[in-house]
Every structure is written in C-alpha cells, then in structure tokens.
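Here the structure is laid out as structure tokens; the discussion comes afterwards.
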Amino acid sequence: MRKTELTDAVLCKAVQEMAVGLIDADLGGSVVKKRIGLAGRGKRGGVRTLVATNKGNRWFFVYGFEKNERANISDEELEGLQIIAADLLARTGPQLDEAVADGALQEICQ
C-alpha cells in the first residue's frame, strides 16, 4: 500500500468507533473490516483496514488497502489473517509488551 494519511490519531478514532459496534464487516475468525476515511476523500475513497480483535480490549491493525488498489482480499489471505489474529489474541500482556519493546508490534492507543 502506498503511503497514506493514516495517522495514529485516525487509527485510534477507528478503534473507538469499533469498540461501540461501528464495524463494517465481521469476516470471522476474530477478523473485522473497518473503512477509514482519508482527508478530502471520505470513507468511499479511503482505506479498508482488517483488524484482529476480541471486540473488547484488543485491537490489532493487521492489513490495510485502498479501495482503488484492490477490491478485497482472497479467501487464502483471509485464512492467513485469521491465523495471525489467533496468535495475537492468544498472547499474554507480558508477551505483547515484549513484542512492542523489540519492535515487532507498535502500540498506538493507550
């Protein structure tokens, strides 16, 4: 994906929206889709993000794409993302802290 205007603040706002149920599609296996609008283009011309979540206190942005770059993901890609989601959601707090410390994950909302 080319560089977009997705800032930490925009992503955190998306998490706040999802936490109250504003999810565009539940793709199963703890993966949801959320459309995020970009400045001057709105949600229709914005980014589609795929998020691994327990729909509670864990939200991991795992993939994003612009609608004009591709229509959707394949079934095989979804299966891979569901495996990643299961791994991320199974991690303990200390394991997540370690992943952030070593740069494997980046925490954007606290």
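Labeling convention for the structure tokens: chains A, B, ... as they appear, residues from 1 per chain, ligands from 1 in order of appearance.
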Who sits within 8 Å of Val62 in chain A, only C-alpha atoms, same chain under 3 positions skipped, as a list in words:
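Final neighbour list, sorted by chain and number: Thr49, Leu50, Val51, Ala52 and Leu81 of chain A.
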Could you list, as a list in words, every residue within 10 Å of Lys13 in chain A, counting only C-alpha atoms and ignoring same-chain residues fewer than 6 positions away?
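Result of the neighbour search: Thr7, Ala19, Ile36 and Cys109 of chain A.
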Give me a file of those residues, with C-alpha atoms, as a compact mmCIF listing (two decimals), in the first residue's frame.
```txt
# COMPACT_ATOMS: atom_id res chain seq x y z
CA THR A 7 -2.11 8.71 11.48
CA ALA A 19 -15.45 -0.59 20.33
CA ILE A 36 -11.40 4.64 7.38
CA CYS A 109 -3.60 3.75 21.51
```
Among chain A, which residues does DSSP mark as alpha helix (DSSP H) when it is run on the backbone? Keep the chain and numbering as in the structure and answer as JSON, numbers by chain.
{"A": [8, 9, 10, 11, 12, 13, 14, 15, 16, 17, 18, 19, 75, 76, 77, 78, 79, 80, 81, 82, 83, 84, 85, 86, 87, 88, 89, 90, 93, 94, 95, 96, 97, 98, 99, 100, 101]}
If we count only C-alpha atoms and set the cut-off at 7 Å, which residues sit around Gln82 in chain A, ignoring sequence neighbours fewer than 4 positions away in its own chain? Please answer as number ranges by chain.
A: 29-31, 78, 86
Quick one: distance from CA of Gly28 in chain A to CA of Glu66 in chain A in Å, one decimal?
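Going from CA of Gly28 in chain A over to CA of Glu66 in chain A, I get 21.2 Å.
A straight line drawn from CA of Asp102 in chain A to CA of Phe60 in chain A is 16.7 Å long.
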For Val15 in chain A, which residue among A:Gln95, A:Asn72, A:Gln106, A:Thr53 is the nearest when counting only C-alpha atoms?
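That would be A:Thr53, the residue with the smallest distance to Val15 in chain A.
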Grab the CA of Asp97 in chain A to CA of Gly21 in chain A distance for me, in Å with one decimal place.
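These two atoms are separated by 26.7 Å.
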Nearest residue to Leu89 in chain A out of A:Lys55, A:Met18, A:Leu6, A:Lys34, using only C-alpha atoms?
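Among the listed residues, A:Lys55 lies closest to Leu89 in chain A.
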